[in-house]
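**Q** If it helps, the file is called coords.txt and holds compact mmCIF, C-alpha atoms and all ligand atoms:
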# COMPACT_ATOMS: atom_id res chain seq x y z
CA MET A 13 62.23 99.99 86.25
CA GLU A 14 63.07 96.29 86.38
CA ARG A 15 64.67 94.87 89.54
CA LYS A 16 68.24 94.58 88.23
CA ALA A 17 68.22 98.14 86.91
CA ARG A 18 66.89 99.37 90.26
CA MET A 19 69.65 97.52 92.08
CA LYS A 20 72.26 99.06 89.78
CA GLN A 21 70.87 102.51 90.37
CA ARG A 22 70.89 102.00 94.14
CA PHE A 23 74.47 100.71 93.97
CA GLU A 24 75.65 103.69 91.94
CA ASP A 25 73.95 106.21 94.24
CA LYS A 26 75.30 104.63 97.41
CA SER A 27 78.76 104.00 96.06
CA SER A 28 79.26 107.47 94.67
CA HIS A 29 77.87 109.01 97.88
CA THR A 30 80.57 107.21 99.94
CA SER A 31 83.33 108.15 97.50
CA VAL A 32 82.27 111.80 97.41
CA ARG A 33 82.42 111.90 101.20
CA TYR A 34 85.89 110.34 101.44
CA LEU A 35 87.26 112.44 98.61
CA ARG A 36 85.95 115.56 100.29
CA LYS A 37 87.61 114.57 103.57
CA MET A 38 90.93 114.00 101.78
CA ARG A 39 90.70 117.30 99.94
CA GLU A 40 89.77 119.15 103.12
CA LEU A 41 92.86 117.98 105.00
CA SER A 42 95.13 121.02 104.98
CA GLY A 43 98.26 121.32 102.93
CA ALA A 44 97.47 119.48 99.67
CA PRO A 45 99.55 120.98 96.86
CA GLU A 46 97.51 122.13 93.83
CA GLU A 47 99.34 119.48 91.81
CA MET A 48 97.33 116.82 93.71
CA ALA A 49 94.23 117.67 91.64
CA PRO A 50 94.76 115.06 88.85
CA PHE A 51 94.95 112.26 91.45
CA PHE A 52 91.79 113.35 93.26
CA ASP A 53 90.07 113.84 89.88
CA THR A 54 91.00 110.29 88.83
CA LEU A 55 89.44 108.78 91.96
CA ASP A 56 86.42 111.02 91.41
CA ARG A 57 86.11 109.94 87.77
CA ILE A 58 86.20 106.21 88.58
CA TYR A 59 84.27 106.06 91.86
CA THR A 60 81.89 109.05 91.79
CA LYS A 61 81.22 109.66 88.13
CA MET A 62 81.57 105.92 87.39
CA LYS A 63 83.41 106.48 84.13
CA ASN A 64 86.03 104.34 82.49
CA MET A 65 89.73 105.22 82.62
CA ASN A 66 90.79 108.21 80.58
CA ILE A 67 92.38 106.25 77.73
CA PRO A 68 91.96 106.34 73.93
CA GLY A 69 88.94 104.40 72.64
CA GLY A 70 89.74 100.93 71.37
CA VAL A 71 92.57 100.27 73.84
CA PRO A 72 91.59 97.02 75.57
CA LEU A 73 91.43 97.06 79.36
CA ILE A 74 93.03 94.22 81.33
CA GLY A 75 92.04 93.96 84.99
CA THR A 76 94.73 92.87 87.45
CA TYR A 77 94.36 91.73 91.04
CA CYS A 78 97.83 92.06 92.52
CA VAL A 79 101.00 94.10 92.13
CA MET A 80 102.79 90.88 91.15
CA VAL A 81 101.20 91.02 87.67
CA PRO A 82 103.83 92.76 85.48
CA GLN A 83 102.07 95.73 83.88
CA GLU A 84 104.83 95.91 81.27
CA LEU A 85 103.49 92.83 79.46
CA ILE A 86 100.03 94.37 79.26
CA TYR A 87 101.33 97.67 77.88
CA ALA A 88 103.56 95.77 75.44
CA ALA A 89 100.44 94.06 74.03
CA GLY A 90 98.91 97.47 73.33
CA ALA A 91 96.48 97.20 76.26
CA GLN A 92 95.90 99.17 79.44
CA PRO A 93 96.21 97.56 82.89
CA VAL A 94 93.80 98.54 85.64
CA LYS A 95 94.27 97.40 89.26
CA LEU A 96 90.93 96.13 90.48
CA CYS A 97 91.49 95.34 94.16
CA SER A 98 88.99 97.74 95.68
CA GLY A 99 87.96 99.18 99.01
CA SER A 100 84.32 99.74 98.04
CA TYR A 101 81.93 99.51 101.00
CA THR A 102 78.93 99.17 98.67
CA ALA A 103 80.40 96.31 96.62
CA PHE A 104 81.47 94.67 99.91
CA SER A 105 77.92 94.77 101.28
CA ILE A 106 76.64 92.98 98.15
CA GLY A 107 79.44 90.40 98.17
CA ASP A 108 79.02 89.84 101.91
CA ASP A 109 75.86 87.82 101.22
CA LYS A 110 77.51 85.68 98.56
CA VAL A 111 80.85 84.52 99.92
CA PRO A 112 81.71 82.89 103.28
CA ARG A 113 81.49 85.15 106.31
CA ASP A 114 85.19 84.73 107.15
CA ALA A 115 86.51 85.69 103.71
CA CYS A 116 88.35 89.02 103.56
CA PRO A 117 86.41 92.16 102.56
CA LEU A 118 88.52 92.55 99.43
CA VAL A 119 87.23 89.27 97.98
CA LYS A 120 83.68 90.22 99.00
CA ALA A 121 83.99 93.54 97.16
CA VAL A 122 85.29 91.73 94.04
CA GLU A 123 82.27 89.43 94.13
CA GLY A 124 79.99 92.43 94.69
CA PHE A 125 81.37 94.25 91.65
CA GLN A 126 81.03 91.14 89.50
CA SER A 127 77.45 90.52 90.44
CA ILE A 128 76.29 94.11 89.99
CA GLY A 129 78.39 94.74 86.84
CA THR A 130 78.00 98.47 86.94
CA MET A 131 81.46 100.05 87.11
CA PRO A 132 83.07 100.40 83.66
CA VAL A 133 86.58 99.61 84.91
CA TYR A 134 85.24 96.18 85.89
CA SER A 135 82.58 95.55 83.29
CA GLU A 136 84.67 96.66 80.29
CA CYS A 137 87.73 94.49 81.00
CA ARG A 138 88.60 92.11 78.19
CA MET A 139 90.55 89.82 80.50
CA PHE A 140 91.44 89.50 84.17
CA ALA A 141 94.83 88.49 85.56
CA VAL A 142 94.83 86.99 89.04
CA PRO A 143 97.95 85.74 90.77
CA VAL A 144 96.99 83.01 93.21
CA THR A 145 98.69 84.15 96.38
CA CYS A 146 96.38 83.62 99.37
CA ASP A 147 93.25 81.45 99.57
CA CYS A 148 91.00 84.44 98.92
CA LYS A 149 92.87 85.26 95.70
CA LYS A 150 92.47 81.62 94.63
CA LYS A 151 88.73 81.89 95.07
CA ILE A 152 88.66 85.23 93.20
CA ALA A 153 90.49 83.49 90.34
CA GLY A 154 87.97 80.64 90.25
CA MET A 155 84.99 82.97 90.48
CA LEU A 156 86.22 85.19 87.65
CA ALA A 157 87.34 82.27 85.47
CA SER A 158 83.83 80.76 85.60
CA GLN A 159 82.42 83.87 83.88
CA HIS A 160 85.24 85.68 82.07
CA ASN A 161 88.47 85.25 80.22
CA THR A 162 90.92 84.98 83.14
CA ALA A 163 94.66 84.37 83.32
CA VAL A 164 95.66 82.64 86.54
CA LEU A 165 99.28 83.25 87.57
CA HIS A 166 100.91 80.85 90.01
CA VAL A 167 102.99 83.01 92.28
CA PRO A 168 105.55 80.74 93.99
CA VAL A 169 105.64 80.54 97.78
CA ASN A 170 109.44 80.81 97.84
CA LYS A 171 111.93 83.01 96.01
CA GLU A 172 114.71 80.61 94.96
CA ASP A 173 115.93 80.41 91.37
CA GLU A 174 113.67 77.44 90.58
CA ASP A 175 110.67 79.37 91.92
CA ILE A 176 111.48 82.31 89.67
CA GLU A 177 111.78 79.85 86.72
CA GLN A 178 108.26 78.67 87.45
CA TYR A 179 106.97 82.23 87.36
CA VAL A 180 108.82 82.89 84.10
CA GLU A 181 106.86 79.98 82.57
CA ASP A 182 103.63 81.50 83.81
CA LEU A 183 104.52 84.88 82.35
CA TYR A 184 105.07 83.29 78.92
CA GLY A 185 101.59 81.73 79.22
CA PHE A 186 100.14 85.10 80.26
CA MET A 187 101.87 86.71 77.28
CA GLU A 188 100.15 84.32 74.86
CA LYS A 189 96.77 85.03 76.39
CA LEU A 190 97.38 88.77 76.09
CA GLU A 191 98.32 88.34 72.44
CA ASP A 192 95.11 86.37 71.78
CA VAL A 193 92.91 88.95 73.47
CA THR A 194 94.50 92.02 71.89
CA GLY A 195 95.51 90.57 68.53
CA ASN A 196 98.94 92.22 69.00
CA ARG A 197 102.25 90.43 69.28
CA ILE A 198 104.52 91.31 72.16
CA THR A 199 107.90 92.06 70.63
CA TYR A 200 111.29 92.97 71.99
CA ALA A 201 110.68 96.56 70.90
CA SER A 202 107.19 96.86 72.44
CA LEU A 203 108.34 95.28 75.70
CA SER A 204 111.42 97.53 75.92
CA GLU A 205 109.21 100.55 75.28
CA SER A 206 106.73 99.59 78.01
CA MET A 207 109.63 98.96 80.42
CA ARG A 208 110.91 102.45 79.69
CA MET A 209 107.46 103.82 80.53
CA THR A 210 107.13 101.98 83.85
CA GLY A 211 110.80 102.79 84.57
CA ARG A 212 109.89 106.47 84.33
CA ALA A 213 107.04 105.89 86.80
CA ALA A 214 109.46 104.14 89.19
CA TYR A 215 111.91 107.04 88.78
CA GLU A 216 109.29 109.69 89.60
CA LEU A 217 108.15 107.60 92.55
CA SER A 218 111.76 107.38 93.80
CA ARG A 219 111.98 111.20 93.62
CA PHE A 220 108.71 111.46 95.55
CA ILE A 221 109.98 109.06 98.23
CA ALA A 222 113.35 110.86 98.48
CA LEU A 223 111.61 114.22 98.98
CA LYS A 224 109.36 112.82 101.71
CA LYS A 225 112.40 111.42 103.51
CA GLN A 226 114.38 114.61 103.09
CA MET A 227 111.81 116.79 104.79
CA PRO A 228 109.17 115.38 107.16
CA TYR A 229 105.77 117.12 107.05
CA LEU A 230 106.23 117.95 103.37
CA ILE A 231 103.03 116.20 102.27
CA ARG A 232 100.37 114.39 104.27
CA GLY A 233 100.36 110.60 104.21
CA THR A 234 96.68 110.53 103.24
CA HIS A 235 97.54 112.65 100.21
CA SER A 236 100.48 110.38 99.33
CA MET A 237 98.07 107.46 99.50
CA ALA A 238 95.72 109.24 97.08
CA VAL A 239 98.65 109.56 94.63
CA MET A 240 99.38 105.83 94.91
CA ASN A 241 95.72 104.76 94.75
CA ALA A 242 95.12 106.87 91.64
CA ALA A 243 97.98 104.99 89.90
CA ALA A 244 95.63 102.00 89.72
CA TYR A 245 93.38 103.91 87.28
CA MET A 246 95.88 105.98 85.30
CA ASN A 247 98.08 105.20 82.34
CA ALA A 248 101.66 104.87 83.68
CA GLY A 249 102.94 107.58 81.31
CA ILE A 250 100.25 110.06 82.39
CA TRP A 251 100.72 109.18 86.06
CA SER A 252 104.49 109.78 85.74
CA ASP A 253 103.89 113.21 84.18
CA GLN A 254 101.55 114.19 87.00
CA VAL A 255 103.91 112.88 89.71
CA ARG A 256 106.75 114.82 88.06
CA ASN A 257 104.66 118.02 88.39
CA LEU A 258 103.93 117.17 92.01
CA ASN A 259 107.63 116.47 92.69
CA ASP A 260 108.60 119.81 91.15
CA ALA A 261 106.12 121.53 93.46
CA LEU A 262 107.44 119.60 96.47
CA GLU A 263 111.03 120.51 95.58
CA LYS A 264 109.98 124.13 95.66
CA ARG A 265 108.45 123.56 99.09
CA VAL A 266 111.74 122.03 100.27
CA ARG A 267 113.71 125.03 98.99
CA ASN A 268 111.29 127.37 100.79
CA LYS A 269 111.28 125.16 103.89
CA GLU A 270 107.50 125.02 103.57
CA THR A 271 105.67 122.25 105.42
CA PHE A 272 101.95 121.57 105.83
CA THR A 273 102.32 122.10 109.59
CA LYS A 274 104.74 123.81 111.93
CA ARG A 275 103.95 121.29 114.68
CA GLN A 276 105.95 118.12 115.33
CA LEU A 277 103.04 115.71 114.77
CA PRO A 278 103.62 112.07 115.82
CA ARG A 279 105.05 110.22 112.83
CA VAL A 280 103.24 106.96 112.12
CA LEU A 281 103.95 104.11 109.71
CA ILE A 282 101.02 102.04 108.41
CA THR A 283 101.70 98.45 107.49
CA GLY A 284 99.49 95.41 106.87
CA SER A 285 96.60 94.53 104.57
CA PRO A 286 96.13 96.83 101.58
CA ILE A 287 94.41 100.18 102.14
CA ILE A 288 92.42 100.93 99.02
CA PHE A 289 90.13 103.84 98.18
CA PRO A 290 87.45 104.51 99.37
CA ASN A 291 88.39 102.47 102.47
CA ILE A 292 90.83 105.07 103.72
CA LYS A 293 89.20 105.54 107.12
CA ILE A 294 92.38 104.60 109.03
CA PRO A 295 94.85 107.09 107.46
CA LEU A 296 92.16 109.77 107.62
CA LEU A 297 91.49 109.10 111.30
CA ILE A 298 95.23 109.19 112.08
CA GLU A 299 95.61 112.59 110.46
CA GLU A 300 92.30 113.93 111.79
CA MET A 301 93.40 112.91 115.31
CA GLY A 302 96.63 114.91 115.04
CA GLY A 303 99.02 112.21 113.80
CA PHE A 304 101.02 112.16 110.58
CA VAL A 305 101.12 109.14 108.27
CA ALA A 306 104.79 109.51 107.38
CA ALA A 307 104.94 106.31 105.31
CA ASP A 308 103.02 103.17 104.41
CA GLU A 309 104.39 99.70 103.90
CA THR A 310 101.44 98.27 101.97
CA CYS A 311 101.23 97.02 98.42
CA MET A 312 99.05 100.00 97.43
CA GLY A 313 101.84 102.29 98.59
CA GLU A 314 105.54 102.50 97.83
CA ARG A 315 106.01 98.74 97.83
CA GLY A 316 104.00 98.18 94.68
CA MET A 317 106.00 100.28 92.27
CA SER A 318 109.27 101.49 93.69
CA ASP A 319 111.52 98.59 92.71
CA PRO A 320 112.74 99.13 89.16
CA VAL A 321 113.04 96.34 86.58
CA VAL A 322 116.69 95.49 86.05
CA PRO A 323 117.14 93.59 82.76
CA VAL A 324 118.90 90.25 83.32
CA ASP A 325 120.44 90.35 79.84
CA ASP A 326 119.73 91.81 76.40
CA SER A 327 117.62 88.93 75.08
CA PHE A 328 113.81 88.80 74.99
CA ASP A 329 113.99 85.98 77.54
CA GLY A 330 116.18 88.23 79.69
CA LEU A 331 113.44 90.86 79.71
CA ILE A 332 110.76 88.34 80.76
CA ARG A 333 113.08 86.97 83.45
CA SER A 334 113.73 90.46 84.79
CA LEU A 335 109.95 91.02 85.10
CA ALA A 336 109.58 87.77 87.05
CA VAL A 337 112.50 88.66 89.34
CA ARG A 338 111.16 92.17 90.02
CA ALA A 339 107.65 90.84 90.76
CA ILE A 340 108.82 88.20 93.24
CA ARG A 341 112.18 88.95 94.91
CA PRO A 342 111.63 92.41 96.42
CA CYS A 343 107.98 91.76 97.31
CA SER A 344 107.46 91.69 101.07
CA CYS A 345 103.90 90.35 100.91
CA PRO A 346 103.25 87.78 103.66
CA THR A 347 101.93 85.31 101.12
CA PHE A 348 105.59 84.17 100.77
CA ALA A 349 106.60 81.42 103.18
CA ASP A 350 109.78 83.09 104.36
CA ASN A 351 109.15 86.80 104.67
CA LYS A 352 112.04 88.07 106.82
CA GLN A 353 112.45 90.73 104.19
CA ARG A 354 109.36 92.54 105.44
CA ILE A 355 110.79 93.29 108.86
CA PHE A 356 114.02 94.56 107.26
CA ARG A 357 111.92 96.87 105.11
CA ILE A 358 109.89 98.07 108.07
CA ARG A 359 113.06 98.71 110.09
CA GLN A 360 114.53 100.64 107.20
CA MET A 361 111.37 102.74 106.86
CA ILE A 362 111.37 103.43 110.62
CA ARG A 363 114.90 104.78 110.29
CA ASP A 364 114.39 106.72 107.05
CA TYR A 365 111.09 108.35 108.01
CA LYS A 366 111.94 108.78 111.72
CA ILE A 367 108.86 106.74 112.66
CA GLU A 368 107.57 106.94 116.24
CA GLY A 369 104.72 104.42 116.12
CA VAL A 370 103.38 101.69 113.83
CA ILE A 371 99.75 100.96 113.00
CA TYR A 372 99.30 97.38 111.86
CA HIS A 373 96.20 97.13 109.67
CA VAL A 374 94.43 93.79 109.36
CA LEU A 375 91.44 93.37 107.09
CA ARG A 376 89.12 90.92 108.83
CA GLY A 377 89.79 87.45 107.39
CA CYS A 378 93.22 88.39 106.01
CA LEU A 379 95.13 85.60 107.73
CA VAL A 380 98.47 86.12 106.01
CA TYR A 381 98.93 89.60 107.42
CA ASP A 382 97.45 88.70 110.78
CA PHE A 383 99.86 85.78 111.03
CA GLU A 384 102.91 88.04 110.82
CA TYR A 385 101.69 90.48 113.45
CA ARG A 386 103.24 88.77 116.48
CA LYS A 387 106.70 88.58 114.93
CA ILE A 388 106.61 92.21 113.90
CA GLU A 389 105.27 93.28 117.29
CA GLU A 390 108.19 91.48 119.01
CA ASP A 391 110.73 93.02 116.69
CA LEU A 392 109.34 96.51 117.10
CA GLY A 393 109.26 95.96 120.86
CA ARG A 394 113.03 95.37 120.76
CA LEU A 395 113.42 98.67 118.90
CA GLY A 396 111.21 100.47 121.42
CA ILE A 397 108.65 101.39 118.74
CA PRO A 398 105.01 101.14 119.89
CA VAL A 399 102.61 99.25 117.63
CA ILE A 400 98.87 98.60 117.62
CA ARG A 401 96.90 96.11 115.59
CA LEU A 402 93.69 97.48 114.10
CA GLU A 403 91.31 94.95 112.58
CA THR A 404 88.65 96.41 110.29
CA ASP A 405 86.17 95.59 107.58
CA TYR A 406 84.73 97.52 104.65
CA ASN A 407 82.10 99.43 106.58
CA GLU A 408 81.85 102.42 108.86
CA GLU A 409 80.36 100.70 111.88
CA ASP A 410 83.68 100.60 113.72
CA ILE A 411 84.75 104.18 113.05
CA GLU A 412 84.11 105.45 116.58
CA GLN A 413 85.93 102.50 118.13
CA LEU A 414 88.87 103.04 115.74
CA ARG A 415 88.88 106.75 116.51
CA ILE A 416 89.21 106.08 120.26
CA ARG A 417 92.06 103.60 119.79
CA ILE A 418 93.94 105.78 117.30
CA GLU A 419 93.55 108.86 119.47
CA ALA A 420 94.91 106.97 122.51
CA PHE A 421 97.83 105.67 120.43
CA ILE A 422 98.73 109.14 119.19
CA GLU A 423 98.48 110.57 122.70
CA MET A 424 100.81 107.82 123.93
CA ILE A 425 103.41 108.70 121.27
CA LYS A 426 103.15 112.37 122.26
CA LEU A 427 103.77 111.50 125.89
CA GLN A 428 106.80 109.41 124.94
CA LYS A 429 108.17 112.33 122.94
CA THR A 430 107.84 114.74 125.85
CA PRO A 431 108.09 112.75 129.10
CA GLU A 432 107.99 115.96 131.18
CA ILE A 433 104.30 116.35 130.24
CA GLN A 434 103.61 113.37 132.46
CA HIS A 435 104.65 115.31 135.61
S1 LIG B 501 98.59 91.88 99.69
FE1 LIG B 501 100.04 90.55 98.58
S2 LIG B 501 98.75 89.16 97.41
FE2 LIG B 501 97.45 90.87 98.04
S3 LIG B 501 97.54 92.29 96.30
FE3 LIG B 501 99.12 92.89 97.76
S4 LIG B 501 101.00 91.89 97.04
FE4 LIG B 501 99.25 90.86 96.06
S1 LIG B 502 96.17 89.10 100.98
FE1 LIG B 502 94.61 89.49 102.52
S2 LIG B 502 93.43 91.23 101.75
FE2 LIG B 502 94.57 90.36 100.01
S3 LIG B 502 93.09 88.94 99.06
FE3 LIG B 502 94.40 87.78 100.50
S4 LIG B 502 93.22 87.72 102.40
FE4 LIG B 502 92.35 89.36 101.11
What's the structure tokens form of this structure?

**A**
Amino acid sequence: MERKARMKQRFEDKSSHTSVRYLRKMRELSGAPEEMAPFFDTLDRIYTKMKNMNIPGGVPLIGTYCVMVPQELIYAAGAQPVKLCSGSYTAFSIGDDKVPRDACPLVKAVEGFQSIGTMPVYSECRMFAVPVTCDCKKKIAGMLASQHNTAVLHVPVNKEDEDIEQYVEDLYGFMEKLEDVTGNRITYASLSESMRMTGRAAYELSRFIALKKQMPYLIRGTHSMAVMNAAAYMNAGIWSDQVRNLNDALEKRVRNKETFTKRQLPRVLITGSPIIFPNIKIPLLIEEMGGFVAADETCMGERGMSDPVVPVDDSFDGLIRSLAVRAIRPCSCPTFADNKQRIFRIRQMIRDYKIEGVIYHVLRGCLVYDFEYRKIEEDLGRLGIPVIRLETDYNEEDIEQLRIRIEAFIEMIKLQKTPEIQH
């Protein structure tokens, strides 16, 4: 076997081994409704079996690298979006040798996937769309553009009207590129249709969120994260159907007052750098250590999809404008200069999900999230909510250290809940 083929084989073996392990851990956590199966199966299909998305042959795949790329435009061009930010430890270890040491693990994993070219969701993309948000995303854009057809979107740093205008221009440019790649014109009808489809996904997600708020301990946070991670690799229509089935099952649980535990587990919110399969060690550790991930304020969670598109007016331009507004205005990513919005969102989530402690996740080298930590720590301090900052990478070397810190954090929340235990 020649060297490159051997490397590919080694990559596939190692990568699927890690994914199998993490999937098994997620499945083994008690209380997953049967209706979770399609989401686990999707992660299994992509990461363990290394197959392409389950879509009709001939539908072009467009890889995206941030939730600020409007999927509606891709669907309207008759293509299928796939979110390619990944948490692969194996791709990270390959990319680690190729990009600067201090770059974030996400950019290292992207480089790793590009150089090994073995996963169909990466290798079969007809075009990539990369919004330049942080420095790492800029470098991803440059790296991809040197080898592939790549649309670079200039996400503004502010959210004023003129900033939105600038993004509208970019979306028109992106639209032309999509039309060239797919050979299909994006029309008012096709765009309206794709907005209806993603609107249905946002609706089912809003039902899911409402159910979780209505009854704590209804579904584990790690399982919710599997639902959201699987959305990256599923057609929005199919994902909506599966979330509807899950919501129906959860509604039944609410009616029967059925929870996955009878204990009052400490309720934790995760915020910070994206948590992407298979790098789900933190939520898993929280739940293995007796905590409950009640909610996550990350772009792979609720933040990425829950805000619906509200058409500005009935014209085609109005639809494009509404996509730009939805991508930028509600986004609480720290890549925006003024990001007060994020703390409002976190406060709201603390209230809605009755949060007792916050875990602030920083991927090593992710400066934008790390930068906001102090402000959020101060704010949470005023609310009396404990917070810890956990910095990690895409590997398992720090698992024991993380376990000790998470366990201590959960014990501290328990003691705060029941002060008499201290005597
Ligand atoms: S963290 Fe921000 S820039 Fe990165 S993918 Fe999420 S929304 Fe986009
Ligand atoms: S926002 Fe953070 S995690 Fe995402 S690409 Fe930038 S540095 Fe990496």

**Q** For a quick check of understanding, using only C-alpha atoms, which of A:Leu96, A:Met301, A:Cys345, A:Val79 has the smallest distance to A:Cys378?

**A**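 Among the listed residues, the smallest separation from A:Cys378 belongs to A:Cys345.
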
**Q** List all protein, DNA and RNA residues that have an atom no more than 6 Å from any atom of ligand LIG 502 (chain B), counting only C-alpha atoms and all ligand atoms, and report them as a list in words.

**A**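 Going residue by residue within 6 Å of ligand LIG 502 (chain B), we get Cys116, Leu118, Val119, Cys146, Cys148, Lys149, Ser285 and Cys378 of chain A.
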
**Q** Could you report the residues within 8 Å of ligand LIG 501 (chain B), using only C-alpha atoms and all ligand atoms, as a PyMOL selection string?

**A** chain A and resi 77-80+97+143-146+149+285-286+310-312+316+343-347

**Q** Can you write out the residues you just picked, keeping C-alpha atoms, as a PDB file, in the coordinates of the input?

**A**
ATOM      1  CA  TYR A  77      94.360  91.730  91.040  1.00  0.00           C
ATOM      2  CA  CYS A  78      97.830  92.060  92.520  1.00  0.00           C
ATOM      3  CA  VAL A  79     101.000  94.100  92.130  1.00  0.00           C
ATOM      4  CA  MET A  80     102.790  90.880  91.150  1.00  0.00           C
ATOM      5  CA  CYS A  97      91.490  95.340  94.160  1.00  0.00           C
ATOM      6  CA  PRO A 143      97.950  85.740  90.770  1.00  0.00           C
ATOM      7  CA  VAL A 144      96.990  83.010  93.210  1.00  0.00           C
ATOM      8  CA  THR A 145      98.690  84.150  96.380  1.00  0.00           C
ATOM      9  CA  CYS A 146      96.380  83.620  99.370  1.00  0.00           C
ATOM     10  CA  LYS A 149      92.870  85.260  95.700  1.00  0.00           C
ATOM     11  CA  SER A 285      96.600  94.530 104.570  1.00  0.00           C
ATOM     12  CA  PRO A 286      96.130  96.830 101.580  1.00  0.00           C
ATOM     13  CA  THR A 310     101.440  98.270 101.970  1.00  0.00           C
ATOM     14  CA  CYS A 311     101.230  97.020  98.420  1.00  0.00           C
ATOM     15  CA  MET A 312      99.050 100.000  97.430  1.00  0.00           C
ATOM     16  CA  GLY A 316     104.000  98.180  94.680  1.00  0.00           C
ATOM     17  CA  CYS A 343     107.980  91.760  97.310  1.00  0.00           C
ATOM     18  CA  SER A 344     107.460  91.690 101.070  1.00  0.00           C
ATOM     19  CA  CYS A 345     103.900  90.350 100.910  1.00  0.00           C
ATOM     20  CA  PRO A 346     103.250  87.780 103.660  1.00  0.00           C
ATOM     21  CA  THR A 347     101.930  85.310 101.120  1.00  0.00           C
TER      22      THR A 347
END

**Q** Residues near stretch 59-69 of chain A, anyone? I mean within 10 Å using only C-alpha atoms, not counting same-chain ones fewer than 5 positions away, as a ChimeraX atom specification.

**A** /A:24-33,35,53-54,92,94,100,130-136,244-247,250,289-290

**Q** If you count only C-alpha atoms, which residues fall within 12 Å of A:Asp175, apart from same-chain ones fewer than 4 positions away, as a VMD selection string?

**A** chain A and resid 166 to 171 179 to 182 333 336 to 337 339 to 341 348

**Q** Show me, as a list in words, the residues that have an atom within 10 Å of A:Pro50 when counting only C-alpha atoms, minus same-chain residues fewer than 3 positions from it.

**A**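 Listed by chain and then number, they are Glu46, Glu47, Asp53, Thr54, Leu55, Asp56, Val239, Ala242, Met246, Ile250, Trp251, Gln254, Val255 and Leu258 of chain A.
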
**Q** I need the chosen residues saved as an mmCIF file, in the coordinates of the input, with C-alpha atoms.

**A**
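File produced: again.cif:
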data_model
loop_
_atom_site.group_PDB
_atom_site.id
_atom_site.type_symbol
_atom_site.label_atom_id
_atom_site.label_comp_id
_atom_site.auth_asym_id
_atom_site.auth_seq_id
_atom_site.Cartn_x
_atom_site.Cartn_y
_atom_site.Cartn_z
ATOM 1 C CA GLU A 46 97.510 122.130 93.830
ATOM 2 C CA GLU A 47 99.340 119.480 91.810
ATOM 3 C CA ASP A 53 90.070 113.840 89.880
ATOM 4 C CA THR A 54 91.000 110.290 88.830
ATOM 5 C CA LEU A 55 89.440 108.780 91.960
ATOM 6 C CA ASP A 56 86.420 111.020 91.410
ATOM 7 C CA VAL A 239 98.650 109.560 94.630
ATOM 8 C CA ALA A 242 95.120 106.870 91.640
ATOM 9 C CA MET A 246 95.880 105.980 85.300
ATOM 10 C CA ILE A 250 100.250 110.060 82.390
ATOM 11 C CA TRP A 251 100.720 109.180 86.060
ATOM 12 C CA GLN A 254 101.550 114.190 87.000
ATOM 13 C CA VAL A 255 103.910 112.880 89.710
ATOM 14 C CA LEU A 258 103.930 117.170 92.010
#

**Q** Which residue is closest to A:Gly302? Choose from A:Asn407, A:Thr273, A:Pro93, A:Ala157 and count only C-alpha atoms.

**A**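 For A:Gly302, the nearest of the candidates is A:Thr273.
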
**Q** For A:Asn257, please output as a list of chain:residue names all residues within 12 Å (counting all atoms listed in the file; exclusion window: fewer than 3 positions along the same chain).

**A**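 So, after excluding close chain neighbours, the residues are A:Pro45, A:Glu46, A:Glu47, A:Met48, A:Ala49, A:Pro50, A:Phe51, A:Glu216, A:Leu217, A:Arg219, A:Phe220, A:Ile250, A:Trp251, A:Ser252, A:Asp253, A:Gln254, A:Asp260, A:Ala261, A:Leu262, A:Glu263, A:Lys264.
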
**Q** Let me make sure I understand: among A:Leu203, A:Leu41, A:Leu331, A:Ile292, which one has the smallest atom-to-atom distance to A:Ile411 if we use all atoms listed in the file?

**A**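 Once distances to A:Ile411 are computed over all atoms listed in the file, the minimum belongs to A:Ile292.
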
**Q** Quick one: stretch 18-25 of chain A with N, CA and C atoms, as a compact mmCIF listing (two decimals), in the coordinates of the input?

**A**
# COMPACT_ATOMS: atom_id res chain seq x y z
N ARG A 18 67.08 98.64 88.99
CA ARG A 18 66.89 99.37 90.26
C ARG A 18 68.07 99.13 91.19
N MET A 19 68.51 97.86 91.24
CA MET A 19 69.65 97.52 92.08
C MET A 19 70.89 98.28 91.65
N LYS A 20 71.09 98.34 90.32
CA LYS A 20 72.26 99.06 89.78
C LYS A 20 72.21 100.52 90.19
N GLN A 21 71.03 101.11 90.04
CA GLN A 21 70.87 102.51 90.37
C GLN A 21 71.18 102.76 91.85
N ARG A 22 70.65 101.86 92.69
CA ARG A 22 70.89 102.00 94.14
C ARG A 22 72.39 101.90 94.44
N PHE A 23 73.04 100.91 93.77
CA PHE A 23 74.47 100.71 93.97
C PHE A 23 75.23 101.99 93.60
N GLU A 24 74.91 102.51 92.42
CA GLU A 24 75.65 103.69 91.94
C GLU A 24 75.45 104.88 92.88
N ASP A 25 74.22 105.07 93.34
CA ASP A 25 73.95 106.21 94.24
C ASP A 25 74.73 106.06 95.54
